[in-house]
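Undergrad: This is the structure I want to talk about, given as structure tokens.
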Amino acid sequence: MFTGFFYLLRQEGIPVSLTEWMTFIEALSKGLAGSTLSGFYHLGRTILIKSESNLDRFDLAFYRYFQGIEQNEELLKQVGDWLEQPLPPRGFSEEERAALIDKLGLPDFDALRKALEERLRTQDGAHHGGSNWIGTGGTSPFGHSGFHPGGIRIGGESHSRSAVKVAGERHYRGYRTDETLGVRQFEVALRRLRQFSTRLDGPKEELDLEETIQATCHNAGRLELVWTRPRKNTVKVLVLMDVGGSMTPYAKICSQLFSAVHKATHFKDLQFYYFHNCVYENLYLDSDCSPYRSVPTEAVLHNLGSDYKLILVGDAAMAPSELLMPGGNVYWEISNNEPGITWLERLARHFPYNAWLNPIPSQHWDRIFGYQTLEQVKQVFPMYELTLEGLDLAVKKLMVRQ
Amino acid sequence: MNGGLHTENLLYDETDSYIVSDELRNAVNIAIALKRPLLIKGEPGTGKTVLAESIAKSLGLKLLVWNIKSTTKAQVGLYVYDTVQRLYDSQFGDKDVSDIKQYIKLGKLGEAFTAPERVVLLIDEIDKADLEFPNDLLWELDVMNFHIPETGETISAVQRPIVIITSNAEKELPDAFLRRCVFHYIAFPDQDMMERIVRVHFPELENFLLAEALKAFYWLRSVSGLQKKPSTSELLDWVQALTIGGIDPDRIGKELPFLGTLLKKNQDFDLALRQLHVRTTGGTAGGTNRGW
């Protein structure tokens, strides 16, 4: 029953579990959808979706699954004629409903659809109060002012707009996580860089007052000291950001990430450097990449331990020579003795917790200008899109050693 | 879609002081009918917390609020064993300390379970707590009882409380927890809805002033690049400021008086004023290109 819908939801990438699906079926059998498509839509959305970022996917899936049944205008008119002079709405008691549900079973949407097509072909006129033809006040699956556990309301009073139409409007598009949102969302994503760094390492060196009191009292007043590990965030972060040139179109999103990283107060240490297109001998302190405000990359490697989590931000799209040739630096007054890729590999080796965030949407990665270098950088660093979803994945990756 | 919901004699509807959308009302009723906790998310200032009050009022039930802080532990919601008091009593008091029961203090969840009447329990801002917090409550919320090993007692819910949980999405909630909840995201109200909401708070408000204020408010929200968009509660403050200040409604859209009640960040303030300038003069804004 609607199982196709379940799989469609999962196909859309919504993490619907069997538990939730069973709850949904339970709710349907209690009649909570009120036998309307919009009821079904709202019920499904309420039970199956657990995050606003999936609401849009739900709308899409719903639209895809149900758009076929959106009305055919001419047919509707004909059926509308049959439904004129309806019976008064018939109230069904709970027992009657239950009996009917028992008798008729729960809806199988495909069968229902076929049956409706069949009726539309063969019905010749108005039928009211019955259990088969399109009519009113009866227990046929089609018509209105009656009851059928899995019927389709045709005509009659609508309680709200058509659900398929509502779904088609995609109001929740803005909440998708695979589109970028803003500083705040980035901050929330970065905050996860803390969640795994709890009390797992370090000696127990802090007096746990609460527990000591508790233990002492349990011990009938004889002092018992309880020690605990200090609860500190141990995450240290090194961010290297590509600026200028091909990164200019992404300045806004990069500056959002920049503010989010700097607002995140929970890192034990944060180091932030800039580079242009590729990392070479020097890293820059300012976004204008002035050689007067730079530090040797070697020094950064030397000074920062390998427990720093390395986040590189850049499009990784450049001329192949910039990545692969000695002296390939696009700033021709600064020559480099080693190709950029060597420096990148060196960084990756020194900082095993690493990730590369790329503002270019991943579907274009194999097509854009500079895809050759992008591909090669991707061999060195796991690369993620610079979107919320990508950042989430990157944060997860940063918590584990490759 | 209310047909089937009549099976539960508890049916929520909006109250005089709280306007609710059809979708939210249905979500509440679905949660009640399915006996699941209702998880509410939404932009700050969309009335997540007030919803529980409204439900309690509408159904005529008592409301218990459990405010979650970053240090709150799940255990505290069930019960606390006041061992310190017991130790104190054993040394200086004249109470009978062998009766442990008197040192067991029930938490909010415990209170909700033992209440003779059904209650509405609001677990406010659950995302503030530790990551494992929601998981620690799974069992209790599922089976609606818990065991106190110190006394050997089991506390079971007399009447299953209606549980409303709010979250500001500061942390991702664990999947196992989410699976058991019914979820609703309170979308930002549209202009008609907002008009009704403001009316509830300021019934005497002049139509023209309200219309102008709302127009300006929604324009402001549509300015792209704001770091924090103004929300309902800020609009209410602003409307109040406008009334008290006796501002001529014609000036609202042009000058955005008392902008500080709507925008709380310097950059946003500057941005809004610049955009306003562009809008009123039709000229180009200087120095908006703040990229790097």
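As shown in the structure tokens, the chain order sets the letters A, B, ...; within each chain, residues go from 1, and ligands are also counted from 1 in the order they appear.
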Extract the full set of strand (DSSP E) residues from segment 303-345 of chain A according to DSSP on the backbone, and format it as a list in words.

TA: Tyr308, Lys309, Leu310, Ile311, Leu312 and Val313 of chain A

Undergrad: Hey, what's within 9 Å of segment 342-344 of chain A if we count only C-alpha atoms and toss same-chain stuff fewer than 6 positions away? As a compact mmCIF listing (two decimals) with N, CA and C atoms, in the first residue's frame, please?

TA:
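Writing done, so here's selection_25.txt:
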```
# COMPACT_ATOMS: atom_id res chain seq x y z
N CYS A 278 47.10 27.78 -5.80
CA CYS A 278 47.70 26.57 -5.25
C CYS A 278 48.67 26.97 -4.13
N VAL A 279 48.94 26.04 -3.23
CA VAL A 279 49.87 26.32 -2.14
C VAL A 279 51.30 26.08 -2.62
N TYR A 280 52.17 27.06 -2.38
CA TYR A 280 53.59 26.89 -2.69
C TYR A 280 54.41 27.16 -1.44
N GLU A 281 55.57 27.78 -1.62
CA GLU A 281 56.49 27.99 -0.49
C GLU A 281 55.91 28.89 0.61
N THR A 297 55.48 28.20 4.16
CA THR A 297 54.62 27.04 4.38
C THR A 297 55.35 26.01 5.26
N LEU A 323 49.94 23.62 -11.16
CA LEU A 323 49.91 22.53 -10.20
C LEU A 323 51.12 21.62 -10.36
N LEU A 324 51.56 21.43 -11.61
CA LEU A 324 52.49 20.33 -11.86
C LEU A 324 53.94 20.74 -12.14
N VAL A 377 43.79 17.27 -7.68
CA VAL A 377 43.72 17.70 -6.28
C VAL A 377 42.82 16.76 -5.51
N VAL A 380 44.38 13.92 -3.94
CA VAL A 380 45.17 14.19 -2.74
C VAL A 380 44.27 14.44 -1.53
N PHE A 381 43.24 15.28 -1.73
CA PHE A 381 42.35 15.62 -0.63
C PHE A 381 40.93 15.14 -0.94
```

Undergrad: Per residue of chain A within 6 Å of chain B, which atom pair is closest and at what distance in Å (one decimal), using only C-alpha atoms, listed by chain and increasing number, as CSV?

TA:
```
residue,atom,partner,partner_atom,distance
A:Glu20,CA,B:Arg179,CA,6.0
A:Gly31,CA,B:Gly4,CA,4.7
A:Leu32,CA,B:Gly4,CA,5.0
A:Ala33,CA,B:Met1,CA,5.9
A:Gly34,CA,B:Met1,CA,4.3
A:Gly39,CA,B:Met1,CA,5.5
A:Thr46,CA,B:Phe183,CA,5.1
A:Ile47,CA,B:Val182,CA,5.0
A:Lys50,CA,B:Phe183,CA,5.5
A:Val188,CA,B:Glu170,CA,5.8
A:Cys217,CA,B:Thr83,CA,5.8
A:Ala251,CA,B:Gly291,CA,5.9
```

Undergrad: Which residue is closest to Ile341 of chain A? Choose from A:Asp286, A:Glu118, A:Glu375, A:Asp366 and count only C-alpha atoms.

TA: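 Closest to Ile341 of chain A of all the choices is A:Glu375.
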
Undergrad: Given the choices B:Ile247, B:Val198, B:Val163, B:Ile100, which gets closest to Ala52 of chain B if the distance is worked out from only C-alpha atoms?

TA: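 That would be B:Val163, the residue with the smallest distance to Ala52 of chain B.
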
Undergrad: Could you tell me how far atom CA of Ser53 of chain A sits from atom CA of Leu386 of chain A, in Å to one decimal place?

TA: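 Separation of atom CA of Leu386 of chain A and atom CA of Ser53 of chain A: 16.5 Å.
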
Undergrad: List as a list of chain:residue names the protein and nucleic acid residues near segment 256-261 of chain B, meaning an atom at most 7 Å away when only C-alpha atoms are counted, but skip any in the same chain fewer than 5 places from it.

TA: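 Near segment 256-261 of chain B, the qualifying residues are B:Glu234, B:Asp237, B:Trp238.
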
Undergrad: Could the residues in this selection be saved with N, CA and C atoms as a PDB file, in the first residue's frame?

TA:
```pdb
ATOM      1  N   GLU B 234       9.955  40.589  16.918  1.00  0.00           N
ATOM      2  CA  GLU B 234      10.532  41.908  16.675  1.00  0.00           C
ATOM      3  C   GLU B 234       9.532  42.828  15.989  1.00  0.00           C
ATOM      4  N   ASP B 237       7.279  44.198  18.645  1.00  0.00           N
ATOM      5  CA  ASP B 237       7.954  45.299  19.352  1.00  0.00           C
ATOM      6  C   ASP B 237       7.918  46.575  18.520  1.00  0.00           C
ATOM      7  N   TRP B 238       8.176  46.404  17.250  1.00  0.00           N
ATOM      8  CA  TRP B 238       8.261  47.558  16.357  1.00  0.00           C
ATOM      9  C   TRP B 238       6.903  48.261  16.262  1.00  0.00           C
TER      10      TRP B 238
END
```

Undergrad: Please list as a ChimeraX atom specification every residue within 6 Å of segment 255-267 of chain A, counting only C-alpha atoms and excluding residues in the same chain fewer than 2 positions away.

TA: /A:183,186-187,235-236,251-253,269

Undergrad: With C-alpha atoms retained, could you export that selection as a CSV table (one decimal), in the first residue's frame?

TA:
```csv
chain,number,residue,atom,x,y,z
A,183,VAL,CA,26.7,32.3,8.2
A,186,PHE,CA,27.7,27.3,8.6
A,187,GLU,CA,28.3,28.0,12.2
A,235,VAL,CA,39.8,20.5,18.1
A,236,LYS,CA,42.4,22.7,16.4
A,251,ALA,CA,33.6,35.6,-2.7
A,252,LYS,CA,30.2,35.9,-1.0
A,253,ILE,CA,30.0,32.3,0.1
A,269,ASP,CA,43.1,27.0,18.2
```

Undergrad: Could you give me, as a PyMOL selection string, the residues within 8 Å of Glu298 of chain A, counting only C-alpha atoms and dropping anything in the same chain fewer than 3 positions from it?

TA: chain A and resi 281-282+301-302

Undergrad: Save the residues we just selected, all heavy atoms, as a PDB file, in the first residue's frame?

TA:
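Result written to out.pdb:
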```pdb
ATOM      1  N   GLU A 281      55.574  27.782  -1.617  1.00  0.00           N
ATOM      2  CA  GLU A 281      56.485  27.992  -0.494  1.00  0.00           C
ATOM      3  C   GLU A 281      55.915  28.887   0.609  1.00  0.00           C
ATOM      4  O   GLU A 281      56.308  28.785   1.755  1.00  0.00           O
ATOM      5  CB  GLU A 281      57.812  28.629  -0.984  1.00  0.00           C
ATOM      6  CG  GLU A 281      58.837  27.643  -1.465  1.00  0.00           C
ATOM      7  CD  GLU A 281      58.665  27.307  -2.936  1.00  0.00           C
ATOM      8  OE1 GLU A 281      57.602  27.657  -3.496  1.00  0.00           O
ATOM      9  OE2 GLU A 281      59.574  26.696  -3.525  1.00  0.00           O
ATOM     10  N   ASN A 282      55.016  29.784   0.209  1.00  0.00           N
ATOM     11  CA  ASN A 282      54.518  30.759   1.183  1.00  0.00           C
ATOM     12  C   ASN A 282      52.995  30.711   1.314  1.00  0.00           C
ATOM     13  O   ASN A 282      52.284  30.438   0.355  1.00  0.00           O
ATOM     14  CB  ASN A 282      54.926  32.171   0.771  1.00  0.00           C
ATOM     15  CG  ASN A 282      56.418  32.395   0.950  1.00  0.00           C
ATOM     16  OD1 ASN A 282      56.933  32.264   2.057  1.00  0.00           O
ATOM     17  ND2 ASN A 282      57.098  32.666  -0.143  1.00  0.00           N
ATOM     18  N   LEU A 301      54.042  24.023   8.604  1.00  0.00           N
ATOM     19  CA  LEU A 301      54.099  22.571   8.758  1.00  0.00           C
ATOM     20  C   LEU A 301      54.874  22.200  10.020  1.00  0.00           C
ATOM     21  O   LEU A 301      54.534  21.259  10.728  1.00  0.00           O
ATOM     22  CB  LEU A 301      54.790  21.946   7.546  1.00  0.00           C
ATOM     23  CG  LEU A 301      53.957  21.832   6.277  1.00  0.00           C
ATOM     24  CD1 LEU A 301      54.824  21.422   5.117  1.00  0.00           C
ATOM     25  CD2 LEU A 301      52.825  20.849   6.473  1.00  0.00           C
ATOM     26  N   HIS A 302      55.908  22.965  10.275  1.00  0.00           N
ATOM     27  CA  HIS A 302      56.766  22.657  11.398  1.00  0.00           C
ATOM     28  C   HIS A 302      56.095  23.005  12.732  1.00  0.00           C
ATOM     29  O   HIS A 302      56.226  22.271  13.711  1.00  0.00           O
ATOM     30  CB  HIS A 302      58.079  23.437  11.248  1.00  0.00           C
ATOM     31  CG  HIS A 302      59.096  23.049  12.261  1.00  0.00           C
ATOM     32  ND1 HIS A 302      59.803  21.876  12.178  1.00  0.00           N
ATOM     33  CD2 HIS A 302      59.516  23.668  13.394  1.00  0.00           C
ATOM     34  CE1 HIS A 302      60.610  21.782  13.208  1.00  0.00           C
ATOM     35  NE2 HIS A 302      60.453  22.855  13.960  1.00  0.00           N
TER      36      HIS A 302
END
```

Undergrad: Hey, which of A:Ile14, A:Leu9, A:Leu209, A:Leu270 ends up closest to Thr228 of chain A? Count only C-alpha atoms.

TA: A:Leu209

Undergrad: For Gly45 of chain B, work out the shell of residues within 8 Å, counting only C-alpha atoms and skipping chain neighbours fewer than 6 positions away, then give it as a ChimeraX atom specification.

TA: /B:231-234

Undergrad: Please produce a file of those selected residues containing N, CA and C atoms, as a JSON list (two decimals), in the first residue's frame.

TA:
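Below is the file result.json, written as the result:
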```json
[["chain", "number", "residue", "atom", "x", "y", "z"],
["B", 231, "SER", "N", 12.03, 38.92, 13.05],
["B", 231, "SER", "CA", 11.02, 37.88, 13.21],
["B", 231, "SER", "C", 9.75, 38.49, 13.81],
["B", 232, "THR", "N", 8.79, 37.61, 14.06],
["B", 232, "THR", "CA", 7.49, 38.05, 14.53],
["B", 232, "THR", "C", 7.59, 38.89, 15.80],
["B", 233, "SER", "N", 8.37, 38.36, 16.77],
["B", 233, "SER", "CA", 8.40, 39.08, 18.04],
["B", 233, "SER", "C", 9.01, 40.47, 17.85],
["B", 234, "GLU", "N", 9.96, 40.59, 16.92],
["B", 234, "GLU", "CA", 10.53, 41.91, 16.68],
["B", 234, "GLU", "C", 9.53, 42.83, 15.99]]
```

Undergrad: Considering only C-alpha atoms, can you say which of B:Ile252, B:Lys229, B:Leu64, B:Leu137 comes closest to Phe188 of chain B?

TA: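 Among the listed residues, B:Lys229 lies closest to Phe188 of chain B.
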
Undergrad: Enumerate the residues of segment 318-381 of chain A with a DSSP assignment of alpha helix (DSSP H), computed from the backbone, and present them as a PDB file with N, CA, C and O atoms, in the first residue's frame.

TA:
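So the final result, stored in out.pdb, reads:
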```pdb
ATOM      1  N   PRO A 320      47.207  23.586 -15.695  1.00  0.00           N
ATOM      2  CA  PRO A 320      47.969  22.408 -15.230  1.00  0.00           C
ATOM      3  C   PRO A 320      49.387  22.760 -14.804  1.00  0.00           C
ATOM      4  O   PRO A 320      49.910  22.174 -13.848  1.00  0.00           O
ATOM      5  N   SER A 321      49.983  23.756 -15.477  1.00  0.00           N
ATOM      6  CA  SER A 321      51.365  24.104 -15.110  1.00  0.00           C
ATOM      7  C   SER A 321      51.451  24.619 -13.682  1.00  0.00           C
ATOM      8  O   SER A 321      52.444  24.409 -12.989  1.00  0.00           O
ATOM      9  N   GLU A 322      50.396  25.290 -13.210  1.00  0.00           N
ATOM     10  CA  GLU A 322      50.429  25.847 -11.854  1.00  0.00           C
ATOM     11  C   GLU A 322      50.497  24.747 -10.815  1.00  0.00           C
ATOM     12  O   GLU A 322      51.013  24.937  -9.722  1.00  0.00           O
ATOM     13  N   LEU A 323      49.938  23.624 -11.157  1.00  0.00           N
ATOM     14  CA  LEU A 323      49.907  22.526 -10.201  1.00  0.00           C
ATOM     15  C   LEU A 323      51.123  21.617 -10.359  1.00  0.00           C
ATOM     16  O   LEU A 323      51.668  21.125  -9.377  1.00  0.00           O
ATOM     17  N   LEU A 324      51.563  21.425 -11.606  1.00  0.00           N
ATOM     18  CA  LEU A 324      52.491  20.335 -11.857  1.00  0.00           C
ATOM     19  C   LEU A 324      53.935  20.743 -12.144  1.00  0.00           C
ATOM     20  O   LEU A 324      54.822  19.903 -12.107  1.00  0.00           O
ATOM     21  N   GLY A 340      53.312  22.681  -7.293  1.00  0.00           N
ATOM     22  CA  GLY A 340      52.269  22.842  -6.273  1.00  0.00           C
ATOM     23  C   GLY A 340      51.789  21.528  -5.706  1.00  0.00           C
ATOM     24  O   GLY A 340      51.544  21.407  -4.510  1.00  0.00           O
ATOM     25  N   ILE A 341      51.691  20.526  -6.570  1.00  0.00           N
ATOM     26  CA  ILE A 341      51.138  19.249  -6.116  1.00  0.00           C
ATOM     27  C   ILE A 341      51.989  18.636  -5.013  1.00  0.00           C
ATOM     28  O   ILE A 341      51.479  18.021  -4.071  1.00  0.00           O
ATOM     29  N   THR A 342      53.303  18.877  -5.076  1.00  0.00           N
ATOM     30  CA  THR A 342      54.188  18.368  -4.034  1.00  0.00           C
ATOM     31  C   THR A 342      53.846  19.001  -2.696  1.00  0.00           C
ATOM     32  O   THR A 342      53.822  18.337  -1.656  1.00  0.00           O
ATOM     33  N   TRP A 343      53.577  20.314  -2.743  1.00  0.00           N
ATOM     34  CA  TRP A 343      53.211  21.005  -1.501  1.00  0.00           C
ATOM     35  C   TRP A 343      51.881  20.484  -0.959  1.00  0.00           C
ATOM     36  O   TRP A 343      51.729  20.282   0.242  1.00  0.00           O
ATOM     37  N   LEU A 344      50.945  20.268  -1.864  1.00  0.00           N
ATOM     38  CA  LEU A 344      49.641  19.763  -1.420  1.00  0.00           C
ATOM     39  C   LEU A 344      49.792  18.381  -0.790  1.00  0.00           C
ATOM     40  O   LEU A 344      49.229  18.088   0.271  1.00  0.00           O
ATOM     41  N   GLU A 345      50.599  17.542  -1.431  1.00  0.00           N
ATOM     42  CA  GLU A 345      50.802  16.193  -0.880  1.00  0.00           C
ATOM     43  C   GLU A 345      51.478  16.269   0.484  1.00  0.00           C
ATOM     44  O   GLU A 345      51.162  15.514   1.397  1.00  0.00           O
ATOM     45  N   ARG A 346      52.404  17.204   0.592  1.00  0.00           N
ATOM     46  CA  ARG A 346      53.113  17.376   1.855  1.00  0.00           C
ATOM     47  C   ARG A 346      52.121  17.773   2.966  1.00  0.00           C
ATOM     48  O   ARG A 346      52.169  17.237   4.069  1.00  0.00           O
ATOM     49  N   LEU A 347      51.234  18.712   2.631  1.00  0.00           N
ATOM     50  CA  LEU A 347      50.221  19.123   3.596  1.00  0.00           C
ATOM     51  C   LEU A 347      49.342  17.938   3.989  1.00  0.00           C
ATOM     52  O   LEU A 347      49.065  17.706   5.169  1.00  0.00           O
ATOM     53  N   ALA A 348      48.919  17.188   2.979  1.00  0.00           N
ATOM     54  CA  ALA A 348      48.016  16.067   3.245  1.00  0.00           C
ATOM     55  C   ALA A 348      48.692  15.026   4.127  1.00  0.00           C
ATOM     56  O   ALA A 348      48.048  14.417   4.982  1.00  0.00           O
ATOM     57  N   ARG A 349      49.990  14.825   3.907  1.00  0.00           N
ATOM     58  CA  ARG A 349      50.711  13.838   4.719  1.00  0.00           C
ATOM     59  C   ARG A 349      50.859  14.315   6.149  1.00  0.00           C
ATOM     60  O   ARG A 349      50.680  13.566   7.099  1.00  0.00           O
ATOM     61  N   HIS A 350      51.149  15.615   6.297  1.00  0.00           N
ATOM     62  CA  HIS A 350      51.388  16.141   7.643  1.00  0.00           C
ATOM     63  C   HIS A 350      50.083  16.243   8.440  1.00  0.00           C
ATOM     64  O   HIS A 350      50.082  16.007   9.641  1.00  0.00           O
ATOM     65  N   TYR A 371      39.313  21.315 -15.053  1.00  0.00           N
ATOM     66  CA  TYR A 371      38.884  20.062 -14.426  1.00  0.00           C
ATOM     67  C   TYR A 371      40.032  19.079 -14.243  1.00  0.00           C
ATOM     68  O   TYR A 371      40.004  18.238 -13.367  1.00  0.00           O
ATOM     69  N   GLN A 372      41.077  19.232 -15.087  1.00  0.00           N
ATOM     70  CA  GLN A 372      42.198  18.292 -14.964  1.00  0.00           C
ATOM     71  C   GLN A 372      42.870  18.465 -13.605  1.00  0.00           C
ATOM     72  O   GLN A 372      43.144  17.489 -12.906  1.00  0.00           O
ATOM     73  N   THR A 373      43.120  19.722 -13.222  1.00  0.00           N
ATOM     74  CA  THR A 373      43.801  19.940 -11.943  1.00  0.00           C
ATOM     75  C   THR A 373      42.866  19.606 -10.794  1.00  0.00           C
ATOM     76  O   THR A 373      43.286  19.066  -9.772  1.00  0.00           O
ATOM     77  N   LEU A 374      41.563  19.905 -10.997  1.00  0.00           N
ATOM     78  CA  LEU A 374      40.605  19.590  -9.939  1.00  0.00           C
ATOM     79  C   LEU A 374      40.650  18.097  -9.648  1.00  0.00           C
ATOM     80  O   LEU A 374      40.667  17.668  -8.496  1.00  0.00           O
ATOM     81  N   GLU A 375      40.676  17.319 -10.712  1.00  0.00           N
ATOM     82  CA  GLU A 375      40.709  15.870 -10.566  1.00  0.00           C
ATOM     83  C   GLU A 375      41.946  15.433  -9.789  1.00  0.00           C
ATOM     84  O   GLU A 375      41.884  14.578  -8.908  1.00  0.00           O
ATOM     85  N   GLN A 376      43.074  16.101 -10.090  1.00  0.00           N
ATOM     86  CA  GLN A 376      44.304  15.687  -9.422  1.00  0.00           C
ATOM     87  C   GLN A 376      44.343  16.091  -7.953  1.00  0.00           C
ATOM     88  O   GLN A 376      44.822  15.345  -7.113  1.00  0.00           O
ATOM     89  N   VAL A 377      43.789  17.266  -7.685  1.00  0.00           N
ATOM     90  CA  VAL A 377      43.722  17.704  -6.284  1.00  0.00           C
ATOM     91  C   VAL A 377      42.820  16.764  -5.506  1.00  0.00           C
ATOM     92  O   VAL A 377      43.072  16.421  -4.351  1.00  0.00           O
ATOM     93  N   LYS A 378      41.765  16.309  -6.177  1.00  0.00           N
ATOM     94  CA  LYS A 378      40.818  15.395  -5.542  1.00  0.00           C
ATOM     95  C   LYS A 378      41.476  14.067  -5.162  1.00  0.00           C
ATOM     96  O   LYS A 378      41.014  13.382  -4.256  1.00  0.00           O
ATOM     97  N   GLN A 379      42.523  13.715  -5.892  1.00  0.00           N
ATOM     98  CA  GLN A 379      43.254  12.494  -5.535  1.00  0.00           C
ATOM     99  C   GLN A 379      43.997  12.678  -4.208  1.00  0.00           C
ATOM    100  O   GLN A 379      44.230  11.721  -3.487  1.00  0.00           O
ATOM    101  N   VAL A 380      44.378  13.924  -3.940  1.00  0.00           N
ATOM    102  CA  VAL A 380      45.170  14.190  -2.741  1.00  0.00           C
ATOM    103  C   VAL A 380      44.273  14.441  -1.534  1.00  0.00           C
ATOM    104  O   VAL A 380      44.498  13.924  -0.448  1.00  0.00           O
TER     105      VAL A 380
END
```

Undergrad: Would you list the contacts of Val143 of chain B as number ranges by chain, taking every protein, DNA or RNA residue within 10 Å and counting only C-alpha atoms, but skipping same-chain residues closer than 5 positions in sequence?

TA: B: 138, 156-157, 160

Undergrad: In Å to one decimal, how far is atom CA of Asp124 of chain B from atom CA of Asn67 of chain B?

TA: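 According to the coordinates, atom CA of Asn67 of chain B and atom CA of Asp124 of chain B are separated by 5.0 Å.
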
Undergrad: Please, what distance in Å, to one decimal, runs between atom CA of Thr36 of chain A and atom CA of Arg25 of chain B?

TA: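 Separation between atom CA of Thr36 of chain A and atom CA of Arg25 of chain B: 16.6 Å.
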